[in-house]
file start-v8.tsv (TSV, C-alpha atoms)
chain	number	residue	atom	x	y	z
A	198	MET	CA	9.18	12.60	20.56
A	199	THR	CA	5.84	12.06	18.86
A	200	GLU	CA	3.13	9.79	20.15
A	201	LEU	CA	2.68	6.65	18.03
A	202	VAL	CA	-0.80	5.17	17.99
A	203	PHE	CA	-2.02	1.82	16.71
A	204	SER	CA	-5.73	2.55	16.94
A	205	ILE	CA	-8.33	5.12	15.98
A	206	SER	CA	-11.81	5.65	17.45
A	207	LEU	CA	-15.01	6.01	15.46
A	208	HIS	CA	-15.29	9.58	16.67
A	209	GLU	CA	-11.81	10.39	15.35
A	210	LEU	CA	-12.50	8.66	12.02
A	211	CYS	CA	-15.67	10.68	11.54
A	212	GLN	CA	-13.62	13.86	11.65
A	213	CYS	CA	-11.94	12.86	8.39
A	214	GLU	CA	-13.58	14.39	5.35
A	215	GLU	CA	-14.52	11.11	3.68
A	216	PHE	CA	-16.06	9.26	6.62
A	217	THR	CA	-19.45	9.49	8.27
A	218	GLU	CA	-20.76	7.16	10.94
A	219	GLN	CA	-23.28	5.78	8.46
A	220	VAL	CA	-20.54	4.90	5.95
A	221	ILE	CA	-18.42	3.20	8.61
A	222	VAL	CA	-21.39	1.14	9.82
A	223	GLU	CA	-21.97	0.02	6.20
A	224	VAL	CA	-18.31	-0.94	5.83
A	225	VAL	CA	-18.37	-2.95	9.07
A	226	ASP	CA	-21.72	-4.57	8.19
A	227	HIS	CA	-20.19	-5.84	4.97
A	228	GLY	CA	-17.12	-7.22	6.74
A	229	ILE	CA	-14.68	-4.86	5.01
A	230	ALA	CA	-13.24	-3.73	8.34
A	231	GLN	CA	-13.82	-4.93	11.87
A	232	PRO	CA	-13.51	-2.87	15.04
A	233	VAL	CA	-10.89	-4.28	17.39
A	234	ALA	CA	-12.75	-3.01	20.44
A	235	GLY	CA	-16.08	-1.50	21.45
A	236	HIS	CA	-19.46	-3.19	21.66
A	237	ASP	CA	-21.69	-0.25	20.76
A	238	VAL	CA	-21.10	1.66	17.53
A	239	ALA	CA	-20.13	4.83	19.40
A	240	ASP	CA	-17.35	2.94	21.23
A	241	TRP	CA	-15.83	1.30	18.17
A	242	VAL	CA	-12.06	1.37	17.88
A	243	PHE	CA	-10.21	0.32	14.71
A	244	ASP	CA	-6.59	-0.64	14.22
A	245	THR	CA	-4.69	1.91	12.17
A	246	THR	CA	-3.98	-0.48	9.30
A	247	SER	CA	-7.70	-0.86	8.60
A	248	VAL	CA	-8.03	2.89	7.97
A	249	HIS	CA	-6.18	2.29	4.70
A	250	TRP	CA	-8.81	-0.29	3.66
A	251	LEU	CA	-11.68	1.88	4.89
A	252	ARG	CA	-10.44	4.68	2.64
A	253	LYS	CA	-10.07	2.37	-0.34
A	254	ALA	CA	-13.60	1.03	0.23
A	255	VAL	CA	-15.14	4.50	0.37
A	256	ARG	CA	-13.28	5.60	-2.77
A	257	LEU	CA	-14.30	2.50	-4.73
A	258	HIS	CA	-17.93	2.81	-3.60
A	259	SER	CA	-18.11	6.39	-4.76
A	260	ASP	CA	-15.80	6.41	-7.79
A	261	LEU	CA	-16.91	3.15	-9.39
A	262	GLU	CA	-20.54	3.61	-8.37
A	263	ILE	CA	-20.67	0.04	-7.07
A	264	ASP	CA	-22.68	-1.21	-4.10
A	265	TRP	CA	-21.16	-2.28	-0.79
A	266	VAL	CA	-21.41	-6.00	-1.59
A	267	ALA	CA	-19.25	-5.47	-4.68
A	268	VAL	CA	-16.88	-3.20	-2.71
A	269	ALA	CA	-16.51	-5.93	-0.08
A	270	MET	CA	-15.64	-8.46	-2.79
A	271	VAL	CA	-13.11	-6.14	-4.42
A	272	ILE	CA	-11.45	-5.33	-1.10
A	273	ASP	CA	-11.32	-9.01	-0.19
A	274	LEU	CA	-9.63	-9.83	-3.50
A	275	LEU	CA	-7.25	-6.87	-3.22
A	276	ARG	CA	-6.23	-8.05	0.26
A	277	LYS	CA	-5.72	-11.62	-0.92
A	278	ASN	CA	-3.74	-10.37	-3.88
A	279	GLU	CA	-1.51	-8.27	-1.63
A	280	ALA	CA	-0.92	-11.25	0.69
A	281	LEU	CA	-0.10	-13.54	-2.25
A	282	GLU	CA	2.30	-11.02	-3.76
A	283	LYS	CA	4.09	-10.78	-0.43
A	284	GLN	CA	4.25	-14.57	-0.11
A	285	ASN	CA	5.50	-14.83	-3.68
A	286	ARG	CA	8.30	-12.34	-3.02
A	287	HIS	CA	9.24	-14.37	0.05
A	288	PHE	CA	9.36	-17.68	-1.85
A	289	GLU	CA	11.30	-16.16	-4.73
A	290	GLN	CA	13.87	-14.82	-2.30
A	291	GLN	CA	14.19	-18.22	-0.56
A	292	LEU	CA	14.56	-19.97	-3.88
A	293	ARG	CA	17.28	-17.54	-4.90
A	294	ARG	CA	19.17	-18.24	-1.68
A	295	PHE	CA	18.88	-21.96	-2.30
A	296	ARG	CA	20.07	-21.73	-5.88
A	297	GLU	CA	23.08	-19.50	-5.48
A	298	SER	CA	26.19	-21.11	-4.09
B	88	MET	CA	-4.90	26.65	-20.37
B	89	GLU	CA	-5.87	23.79	-22.62
B	90	PHE	CA	-9.47	23.11	-23.58
B	91	LYS	CA	-10.48	19.64	-22.42
B	92	ASP	CA	-12.72	17.62	-24.67
B	93	TYR	CA	-14.65	15.63	-22.08
B	94	TYR	CA	-16.47	13.63	-24.76
B	95	LYS	CA	-13.19	12.51	-26.25
B	96	ILE	CA	-11.83	11.64	-22.80
B	97	LEU	CA	-14.79	9.33	-22.17
B	98	GLY	CA	-14.74	8.10	-25.77
B	99	VAL	CA	-18.39	9.01	-26.43
B	100	PRO	CA	-19.97	11.13	-29.21
B	101	PRO	CA	-21.17	14.64	-28.22
B	102	ASP	CA	-24.79	13.53	-28.56
B	103	ALA	CA	-24.36	10.52	-26.25
B	104	ASP	CA	-27.18	10.02	-23.75
B	105	THR	CA	-26.64	9.89	-19.98
B	106	LYS	CA	-26.70	6.11	-19.97
B	107	ALA	CA	-23.90	5.86	-22.55
B	108	ILE	CA	-21.86	8.41	-20.59
B	109	LYS	CA	-22.34	6.45	-17.38
B	110	THR	CA	-21.35	3.17	-19.05
B	111	ALA	CA	-18.24	4.70	-20.61
B	112	TYR	CA	-17.23	6.25	-17.29
B	113	ARG	CA	-17.68	3.04	-15.31
B	114	LYS	CA	-15.64	1.07	-17.82
B	115	LEU	CA	-12.76	3.55	-17.76
B	116	ALA	CA	-12.98	4.06	-13.98
B	117	ARG	CA	-12.59	0.32	-13.39
B	118	LYS	CA	-9.63	0.25	-15.73
B	119	TYR	CA	-7.73	3.25	-14.32
B	120	HIS	CA	-8.83	3.52	-10.68
B	121	PRO	CA	-5.57	3.79	-8.70
B	122	ASP	CA	-6.87	1.33	-6.10
B	123	MET	CA	-7.16	-1.29	-8.84
B	124	ASN	CA	-4.38	-0.26	-11.20
B	125	PRO	CA	-0.94	0.38	-9.70
B	126	ASP	CA	0.63	1.49	-13.02
B	127	ALA	CA	2.25	4.91	-13.13
B	128	GLY	CA	-0.05	7.29	-14.94
B	129	ALA	CA	-3.25	5.41	-14.04
B	130	GLU	CA	-4.14	7.93	-11.34
B	131	ASP	CA	-3.79	10.92	-13.70
B	132	LYS	CA	-5.86	9.14	-16.31
B	133	PHE	CA	-8.52	8.33	-13.71
B	134	LYS	CA	-8.68	11.93	-12.53
B	135	GLU	CA	-9.21	13.09	-16.09
B	136	VAL	CA	-12.00	10.55	-16.62
B	137	ALA	CA	-13.65	11.42	-13.26
B	138	GLU	CA	-13.56	15.12	-14.10
B	139	ALA	CA	-15.16	14.50	-17.51
B	140	TYR	CA	-17.89	12.43	-15.87
B	141	GLU	CA	-18.48	15.01	-13.14
B	142	VAL	CA	-19.36	17.50	-15.86
B	143	LEU	CA	-21.20	15.32	-18.36
B	144	LYS	CA	-23.40	13.40	-15.91
B	145	ASP	CA	-25.07	16.61	-14.70
B	146	ALA	CA	-27.51	18.13	-17.19
B	147	GLY	CA	-26.86	21.71	-16.03
B	148	ARG	CA	-23.08	21.46	-16.12
B	149	ARG	CA	-23.16	19.58	-19.41
B	150	ALA	CA	-25.27	22.32	-21.01
B	151	GLU	CA	-22.81	24.97	-19.85
B	152	TYR	CA	-19.88	22.92	-21.06
B	153	ASP	CA	-21.55	22.36	-24.45
B	154	GLU	CA	-22.06	26.10	-24.76
B	155	LEU	CA	-18.36	26.74	-24.16
B	156	ARG	CA	-17.49	23.98	-26.57
B	157	GLN	CA	-19.62	25.71	-29.20
B	158	TYR	CA	-18.01	29.01	-28.33
B	159	GLY	CA	-14.89	27.71	-29.88
B	160	GLY	CA	-13.22	25.56	-27.31
B	161	ALA	CA	-13.24	22.34	-29.29
B	162	SER	CA	-11.88	23.86	-32.48
B	163	ARG	CA	-9.04	25.47	-30.59
B	164	ALA	CA	-8.17	22.41	-28.59
B	165	GLY	CA	-4.53	22.46	-27.57
B	166	SER	CA	-4.06	26.09	-28.55
B	167	GLY	CA	-5.10	27.71	-25.29
B	168	PHE	CA	-8.50	28.36	-23.83
B	169	GLU	CA	-10.01	31.18	-21.79
B	170	PRO	CA	-13.66	31.29	-20.74
B	171	PRO	CA	-15.61	34.17	-22.36
B	172	PRO	CA	-15.24	37.47	-20.49
B	173	GLY	CA	-17.67	37.69	-17.61
B	174	TRP	CA	-18.34	33.96	-17.67
B	175	GLN	CA	-20.02	32.66	-14.54
B	176	SER	CA	-21.28	29.17	-13.96
B	177	SER	CA	-24.85	28.89	-12.77
B	178	SER	CA	-24.65	25.19	-11.97
B	179	GLY	CA	-21.63	25.59	-9.71
B	180	PHE	CA	-20.07	22.67	-8.01
B	181	SER	CA	-19.83	21.21	-4.59
B	182	ARG	CA	-18.54	17.80	-3.90
B	183	ALA	CA	-20.46	15.59	-1.53
B	184	GLY	CA	-18.02	13.59	0.59
B	185	GLY	CA	-16.07	10.45	-0.26
B	186	GLY	CA	-14.38	9.39	-3.42
B	187	HIS	CA	-11.71	10.73	-5.70
B	188	PHE	CA	-8.29	11.89	-4.72
B	189	GLU	CA	-7.22	15.16	-3.21
B	190	GLY	CA	-6.59	18.22	-5.36
B	191	ASP	CA	-8.20	16.46	-8.28
B	192	PHE	CA	-9.83	18.86	-10.74
B	193	SER	CA	-7.92	20.69	-13.45
B	194	ASP	CA	-7.52	24.44	-13.90
B	195	PHE	CA	-9.78	24.13	-16.91
B	196	PHE	CA	-12.58	22.67	-14.76
B	197	ASN	CA	-12.05	25.27	-12.05
B	198	SER	CA	-12.12	28.13	-14.55
B	199	ILE	CA	-15.56	27.03	-15.75
B	200	PHE	CA	-17.22	25.78	-12.60
B	201	GLY	CA	-15.92	28.31	-10.15
B	202	GLY	CA	-12.74	26.86	-8.73
B	203	ALA	CA	-14.21	23.84	-7.06
B	204	GLY	CA	-10.93	23.12	-5.28
B	205	GLY	CA	-10.44	26.43	-3.49
B	206	GLU	CA	-14.07	27.29	-3.01
B	207	HIS	CA	-14.89	23.84	-1.85
B	208	ARG	CA	-12.28	24.06	0.84
B	209	SER	CA	-13.13	27.55	2.00
B	210	GLN	CA	-16.80	26.61	2.14
B	211	ARG	CA	-15.90	23.87	4.53
B	212	SER	CA	-13.59	25.97	6.66
B	213	GLY	CA	-13.16	24.71	10.16
B	214	LEU	CA	-12.44	21.32	8.67
B	215	ARG	CA	-9.90	18.93	10.13
B	216	GLY	CA	-6.53	18.86	8.31
B	217	GLN	CA	-5.74	16.19	5.75
B	218	ASP	CA	-4.13	12.91	6.72
B	219	ALA	CA	-0.80	12.11	5.11
B	220	GLU	CA	0.77	8.73	4.50
B	221	ILE	CA	4.41	7.98	3.81
B	222	GLU	CA	6.41	4.81	3.27
B	223	MET	CA	8.82	4.10	6.10
B	224	PRO	CA	11.63	1.68	5.22
B	225	ILE	CA	13.07	-0.02	8.30
B	226	PHE	CA	16.11	-2.25	8.54
B	227	LEU	CA	15.59	-5.49	10.46
B	228	GLU	CA	18.33	-4.47	12.90
B	229	GLU	CA	16.33	-1.35	13.75
B	230	THR	CA	13.31	-3.37	14.82
B	231	VAL	CA	15.21	-5.08	17.64
B	232	SER	CA	17.13	-2.09	18.93
B	233	GLU	CA	15.77	1.01	20.60
B	234	THR	CA	16.47	3.37	17.74
B	235	SER	CA	14.84	6.59	16.65
B	236	LYS	CA	14.47	7.50	13.01
B	237	LEU	CA	14.23	10.89	11.42
B	238	VAL	CA	11.18	11.08	9.18
B	239	GLU	CA	10.90	13.81	6.55
B	240	TYR	CA	7.75	14.39	4.55
B	241	LEU	CA	5.71	16.96	2.65
B	242	ILE	CA	2.26	18.09	3.68
B	243	PRO	CA	-0.13	20.20	1.61
B	244	VAL	CA	-0.92	23.51	3.29
B	245	PHE	CA	-3.53	26.02	2.18
B	246	GLU	CA	-2.38	29.61	2.55
B	247	ASN	CA	-4.31	32.56	1.11
B	248	GLY	CA	-6.21	30.22	-1.18
B	249	GLN	CA	-2.95	28.77	-2.51
B	250	LEU	CA	-1.94	25.18	-2.11
B	251	ARG	CA	1.71	24.66	-1.31
B	252	GLU	CA	3.76	21.87	0.16
B	253	VAL	CA	5.62	22.30	3.42
B	254	LYS	CA	8.44	20.04	4.51
B	255	LYS	CA	8.14	18.60	7.99
B	256	SER	CA	10.51	16.42	9.95
B	257	LEU	CA	9.97	14.28	13.01
B	258	LYS	CA	11.89	11.89	15.21
B	259	VAL	CA	10.09	8.59	15.55
B	260	LYS	CA	10.95	5.77	17.91
B	261	ILE	CA	10.46	2.44	16.17
B	262	PRO	CA	7.98	0.49	18.30
B	263	PRO	CA	8.98	-3.13	19.04
B	264	GLY	CA	7.07	-5.74	17.09
B	265	VAL	CA	6.24	-3.68	13.99
B	266	GLN	CA	5.42	-5.84	11.01
B	267	ASP	CA	5.88	-5.30	7.31
B	268	GLY	CA	2.83	-3.55	5.80
B	269	GLU	CA	1.58	-2.23	9.13
B	270	ARG	CA	0.45	1.38	9.39
B	271	ILE	CA	1.25	3.45	12.44
B	272	ARG	CA	-0.62	6.63	13.24
B	273	LEU	CA	1.04	9.80	14.48
B	274	LYS	CA	-1.69	11.96	15.89
B	275	GLY	CA	-1.88	15.51	14.61
B	276	GLN	CA	1.22	15.32	12.37
B	277	GLY	CA	-0.66	15.59	9.07
B	278	GLY	CA	-1.95	18.72	7.33
B	279	PRO	CA	-3.03	21.63	9.54
B	280	GLY	CA	-6.74	22.07	10.19
B	281	GLN	CA	-8.57	25.22	9.20
B	282	GLY	CA	-9.44	27.68	11.91
B	283	ALA	CA	-9.62	25.93	15.24
B	284	ALA	CA	-9.98	22.48	13.70
B	285	ASP	CA	-7.52	19.69	14.51
B	286	SER	CA	-4.60	18.81	12.29
B	287	GLY	CA	-4.77	15.59	10.29
B	288	ASP	CA	-2.72	12.53	11.19
B	289	LEU	CA	0.41	11.09	9.65
B	290	TYR	CA	0.41	7.40	8.81
B	291	LEU	CA	3.71	5.57	8.53
B	292	HIS	CA	3.50	2.59	6.22
B	293	ILE	CA	6.14	0.19	7.53
B	294	ARG	CA	8.26	-1.59	4.91
B	295	LEU	CA	10.90	-3.98	6.14
B	296	VAL	CA	13.96	-3.60	3.92
B	297	PRO	CA	15.03	-6.98	2.42
B	298	HIS	CA	18.08	-8.23	4.31
B	299	PRO	CA	21.11	-9.81	2.62
B	300	LEU	CA	21.00	-12.77	5.06
B	301	PHE	CA	17.62	-13.02	6.79
B	302	ASP	CA	14.11	-13.62	5.48
B	303	VAL	CA	11.08	-12.64	7.53
B	304	GLU	CA	8.20	-15.01	8.31
B	305	GLY	CA	5.86	-13.15	10.64
B	306	HIS	CA	7.89	-12.60	13.79
B	307	ASN	CA	10.39	-15.31	12.88
B	308	LEU	CA	13.53	-15.03	10.79
B	309	VAL	CA	15.07	-17.58	8.44
B	310	VAL	CA	18.77	-17.78	7.66
B	311	THR	CA	20.00	-20.16	4.97
B	312	VAL	CA	23.06	-22.11	6.18
B	313	PRO	CA	25.27	-23.66	3.47
B	314	LEU	CA	26.91	-26.96	4.48
B	315	ALA	CA	29.53	-29.15	2.82
B	316	PRO	CA	28.18	-32.68	2.07
B	317	TRP	CA	30.42	-34.18	4.79
B	318	GLU	CA	29.20	-31.61	7.34
B	319	ALA	CA	25.63	-32.70	6.66
B	320	ALA	CA	26.70	-36.37	6.86
B	321	LEU	CA	28.98	-36.25	9.88
B	322	GLY	CA	27.52	-33.33	11.78
B	323	ALA	CA	29.34	-30.09	12.52
B	324	LYS	CA	29.51	-26.99	14.64
B	325	VAL	CA	28.92	-23.86	12.59
B	326	THR	CA	28.84	-20.19	13.45
B	327	VAL	CA	25.54	-18.62	12.41
B	328	PRO	CA	24.83	-14.89	12.22
B	329	THR	CA	21.84	-13.46	14.08
B	330	LEU	CA	20.53	-9.89	14.14
B	331	SER	CA	22.58	-9.33	17.28
B	332	GLY	CA	25.94	-11.09	17.01
B	333	LYS	CA	26.88	-14.64	16.11
B	334	ILE	CA	25.97	-17.93	17.76
B	335	ASN	CA	27.28	-21.49	17.52
B	336	LEU	CA	24.94	-24.05	16.07
B	337	THR	CA	25.32	-27.81	16.25
B	338	ILE	CA	24.42	-29.67	13.07
B	339	ALA	CA	23.40	-33.26	13.83
B	340	PRO	CA	24.89	-36.11	11.78
B	341	ASN	CA	22.79	-37.15	8.74
B	342	SER	CA	21.14	-33.76	8.37
B	343	GLN	CA	19.12	-33.09	5.22
B	344	ALA	CA	19.03	-30.12	2.87
B	345	GLY	CA	15.84	-28.14	3.52
B	346	GLN	CA	15.78	-29.08	7.21
B	347	ARG	CA	15.01	-26.19	9.58
B	348	LEU	CA	16.66	-25.84	12.99
B	349	ARG	CA	14.99	-23.57	15.53
B	350	ILE	CA	17.04	-21.06	17.48
B	351	LYS	CA	14.70	-19.75	20.15
B	352	GLY	CA	14.27	-16.05	20.80
B	353	LYS	CA	16.56	-14.78	18.03
B	354	GLY	CA	13.81	-13.61	15.69
B	355	LEU	CA	12.11	-10.23	15.49
B	356	SER	CA	10.69	-8.43	18.51
B	357	THR	CA	7.05	-8.99	19.32
B	358	LYS	CA	4.89	-7.05	21.73
B	359	THR	CA	5.58	-9.73	24.34
B	360	GLY	CA	9.07	-11.01	23.54
B	361	ARG	CA	11.05	-12.26	20.57
B	362	GLY	CA	10.24	-14.58	17.70
B	363	ASP	CA	12.61	-17.40	16.68
B	364	LEU	CA	15.38	-17.74	14.14
B	365	PHE	CA	15.28	-20.77	11.86
B	366	ALA	CA	18.45	-22.11	10.28
B	367	LEU	CA	17.53	-23.59	6.90
B	368	LEU	CA	20.13	-26.13	5.82
B	369	LYS	CA	21.45	-26.21	2.27
B	370	VAL	CA	24.05	-28.70	1.04
B	371	VAL	CA	26.62	-27.22	-1.34
B	372	MET	CA	29.00	-29.21	-3.53
B	373	PRO	CA	32.63	-28.10	-3.65
B	374	PRO	CA	33.32	-26.37	-7.01
B	375	SER	CA	35.97	-28.84	-8.23
B	376	ALA	CA	37.85	-31.79	-6.91
B	377	ASN	CA	41.47	-32.89	-7.27
B	378	SER	CA	42.28	-36.50	-8.13
B	379	LYS	CA	42.60	-37.55	-4.48
B	380	VAL	CA	39.19	-36.14	-3.58
B	381	THR	CA	37.67	-37.70	-6.70
B	382	ALA	CA	39.05	-41.08	-5.61
B	383	LEU	CA	37.40	-40.59	-2.20
B	384	TRP	CA	34.04	-39.80	-3.83
B	385	GLN	CA	34.54	-42.89	-5.97
B	386	SER	CA	35.06	-45.18	-3.01
B	387	LEU	CA	32.09	-43.55	-1.22
B	388	SER	CA	29.85	-44.25	-4.21
B	389	GLU	CA	30.92	-47.87	-4.14
B	390	GLU	CA	30.42	-48.20	-0.37
B	391	ALA	CA	27.15	-46.23	0.09
B	392	ASP	CA	23.95	-48.02	-0.73
B	393	PHE	CA	21.88	-45.00	-1.71
B	394	ASP	CA	19.54	-44.28	-4.62
B	395	PRO	CA	18.34	-40.66	-4.43
B	396	ARG	CA	15.76	-41.40	-7.16
B	397	ALA	CA	14.26	-44.46	-5.53
B	398	GLN	CA	10.84	-42.77	-5.34
B	399	TRP	CA	10.72	-42.55	-9.15
B	400	GLY	CA	10.38	-46.33	-9.22
B	401	ASN	CA	11.41	-48.25	-12.32
B	402	GLU	CA	10.94	-45.29	-14.66
B	403	GLY	CA	13.81	-43.46	-12.93
call {"tool": "encode", "arguments": {"input": "start-v8.tsv", "output": "structure tokens"}}
result
Amino acid sequence: MTELVFSISLHELCQCEEFTEQVIVEVVDHGIAQPVAGHDVADWVFDTTSVHWLRKAVRLHSDLEIDWVAVAMVIDLLRKNEALEKQNRHFEQQLRRFRES
Amino acid sequence: MEFKDYYKILGVPPDADTKAIKTAYRKLARKYHPDMNPDAGAEDKFKEVAEAYEVLKDAGRRAEYDELRQYGGASRAGSGFEPPPGWQSSSGFSRAGGGHFEGDFSDFFNSIFGGAGGEHRSQRSGLRGQDAEIEMPIFLEETVSETSKLVEYLIPVFENGQLREVKKSLKVKIPPGVQDGERIRLKGQGGPGQGAADSGDLYLHIRLVPHPLFDVEGHNLVVTVPLAPWEAALGAKVTVPTLSGKINLTIAPNSQAGQRLRIKGKGLSTKTGRGDLFALLKVVMPPSANSKVTALWQSLSEEADFDPRAQWGNEG
């Protein structure tokens, strides 16, 4: 059986091709992702879901040539959009259950 | 191999200056970036645009490309292209971290600028393997039982400079309390690292499969319970399904449609226990009535002092 993990350390993240410590500090400074544990940068731990957003942020920063403030805004809107789409699917489903007899 | 007209791809004339190229790229990148545009085909379009920009934004690469274009590439577009014999790029290419998607540049690009994909990787040998992410559909029942799921996925593997996909399979125990949209990491189950480097990780993107009876609200579940009008009026005992067997639920007299009754501990698993199940009441009219039933409705309408549209005031 394989080990399932819900977190990833800064050190582990920095082994991925697209991340450097500097980039991750920028992303955290702009509120795009928050460490779930660790006071000092070297001890930072992230939850595994935020890796997805970290990757998106790095791609948008580099591919669209936009600064981190703009990336933070885009990520914030993308997250809100995803949450609203999910809520919308939920309400539509509830409405369908209420309508059908 | 097809000749790629990078100017056409960016929609700029061949004499466009760097600023115009940058503007055209940014406009198209915003439109087709797969993180912003979920449409099928957007990613391929973006890759094409990014490749064109990679060449045209750099004076050295652009000059080399223009030379090849002159050499006859543009006029033979679509009819096959080979670089001139002995062609060697002097500007070369190495990608500096971040951005783009894996395996992105075309054969055409690689034939001119020295196989950025392969060379790039071998230059950085000793690199950690790539992470992989797959969607993992889970039935609600599976989140409350101790089940294992077989996961099958493809990972890209580099062998002798060739990229090929290898099928892997794993048994994964569903952890209690997983939520829709969550990503779980399986250490070292992604692409193999080069040399002594670690393998990448596998991320499982949890998707809860829509259930025919239950809706999910966080760790709670909602089940819609249809009631006859007299059950809502007089109260009733109804059998309600849960994820694990059925339970009896008491409906109080004078219940309303839309009312939610809480059944403690029958929701989804959480890290510390179980969420709740909510029974959402819905009043359903019988499809048709015989004359006796119609007479009963008639006498009820005469007896009951009830205006359901009272809140509309006089306009109702």
call {"tool": "atom_distance", "arguments": {"input": "start-v8.tsv", "atom1": "CA of Thr329 in chain B", "atom2": "CA of Leu368 in chain B"}}
result
15.2 Å
call {"tool": "atom_distance", "arguments": {"input": "start-v8.tsv", "atom1": "CA of Pro121 in chain B", "atom2": "CA of Phe133 in chain B"}}
result
7.4 Å
call {"tool": "residues_around", "arguments": {"input": "start-v8.tsv", "residues": "Val266 in chain A", "least_positions_apart": "3", "cutoff": "7 Å", "atoms": "only C-alpha atoms", "output": "VMD selection string"}}
result
chain A and resid 227 269 to 270
call {"tool": "residues_around", "arguments": {"input": "start-v8.tsv", "residues": "Ala219 in chain B", "least_positions_apart": "5", "cutoff": "10 Å", "atoms": "all atoms listed in the file", "output": "PyMOL selection string"}}
result
chain B and resi 240-243+272-273+276-278+287-291
call {"tool": "atom_distance", "arguments": {"input": "start-v8.tsv", "atom1": "CA of Val242 in chain A", "atom2": "CA of Val268 in chain A"}}
result
21.6 Å
call {"tool": "residues_near_point", "arguments": {"input": "start-v8.tsv", "point": "(-6.8, -6.8, -5.2)", "cutoff": "12 Å", "atoms": "only C-alpha atoms", "output": "number ranges by chain"}}
result
A: 250, 253-254, 257, 268-282; B: 120-125
call {"tool": "residues_around", "arguments": {"input": "start-v8.tsv", "residues": "Phe301 in chain B", "least_positions_apart": "6", "cutoff": "12 Å", "atoms": "all atoms listed in the file", "output": "list in words"}}
result
His287, Gln290, Gln291 and Arg294 of chain A; Phe226, Leu227, Glu228, Leu295, Asn307, Leu308, Val309, Val310, Thr311, Val312, Val327, Pro328, Thr329, Leu330, Lys353, Gly354, Leu355, Asp363, Leu364, Phe365, Ala366 and Leu367 of chain B
call {"tool": "interface_residues", "arguments": {"input": "start-v8.tsv", "of": "chain A", "to": "chain B", "cutoff": "8 Å", "atoms": "all atoms listed in the file", "output": "PyMOL selection string"}}
result
chain A and resi 198-204+212-216+245-246+253+255-262+275+287+290-291+294-295+298
call {"tool": "axis_aligned_box", "arguments": {"input": "start-v8.tsv", "around": "range 276-293 of chain B", "padding_each_side": "8 Å", "output": "JSON"}}
result
{"center_x": -1.9, "center_y": 13.9, "center_z": 10.7, "size_x": 32.1, "size_y": 43.5, "size_z": 25.0}
call {"tool": "residues_around", "arguments": {"input": "start-v8.tsv", "residues": "range 331-339 of chain B", "least_positions_apart": "3", "cutoff": "9 Å", "atoms": "all atoms listed in the file", "output": "PyMOL selection string"}}
result
chain B and resi 228+231+318-328+342+348+350+353+366
call {"tool": "build_atoms", "arguments": {"input": "start-v8.tsv", "residues": "range 273-284 of chain B", "atoms": "N, CA and C atoms", "output": "CSV table (one decimal), in the coordinates of the input"}}
result
chain,number,residue,atom,x,y,z
B,273,LEU,N,0.4,8.8,13.6
B,273,LEU,CA,1.0,9.8,14.5
B,273,LEU,C,0.0,10.9,14.6
B,274,LYS,N,-0.6,11.0,15.7
B,274,LYS,CA,-1.7,12.0,15.9
B,274,LYS,C,-1.3,13.4,15.6
B,275,GLY,N,-2.1,14.1,14.8
B,275,GLY,CA,-1.9,15.5,14.6
B,275,GLY,C,-0.6,15.9,13.8
B,276,GLN,N,0.0,15.0,13.1
B,276,GLN,CA,1.2,15.3,12.4
B,276,GLN,C,1.0,15.4,10.9
B,277,GLY,N,-0.3,15.4,10.5
B,277,GLY,CA,-0.7,15.6,9.1
B,277,GLY,C,-0.9,17.1,8.7
B,278,GLY,N,-1.7,17.3,7.7
B,278,GLY,CA,-2.0,18.7,7.3
B,278,GLY,C,-2.7,19.5,8.4
B,279,PRO,N,-2.4,20.8,8.5
B,279,PRO,CA,-3.0,21.6,9.5
B,279,PRO,C,-4.5,21.8,9.3
B,280,GLY,N,-5.3,21.9,10.3
B,280,GLY,CA,-6.7,22.1,10.2
B,280,GLY,C,-7.0,23.5,9.9
B,281,GLN,N,-8.2,23.8,9.5
B,281,GLN,CA,-8.6,25.2,9.2
B,281,GLN,C,-9.2,25.8,10.4
B,282,GLY,N,-8.9,27.0,10.7
B,282,GLY,CA,-9.4,27.7,11.9
B,282,GLY,C,-9.0,26.9,13.2
B,283,ALA,N,-10.0,26.6,14.0
B,283,ALA,CA,-9.6,25.9,15.2
B,283,ALA,C,-9.6,24.4,15.1
B,284,ALA,N,-9.9,23.9,13.9
B,284,ALA,CA,-10.0,22.5,13.7
B,284,ALA,C,-8.6,21.8,13.9
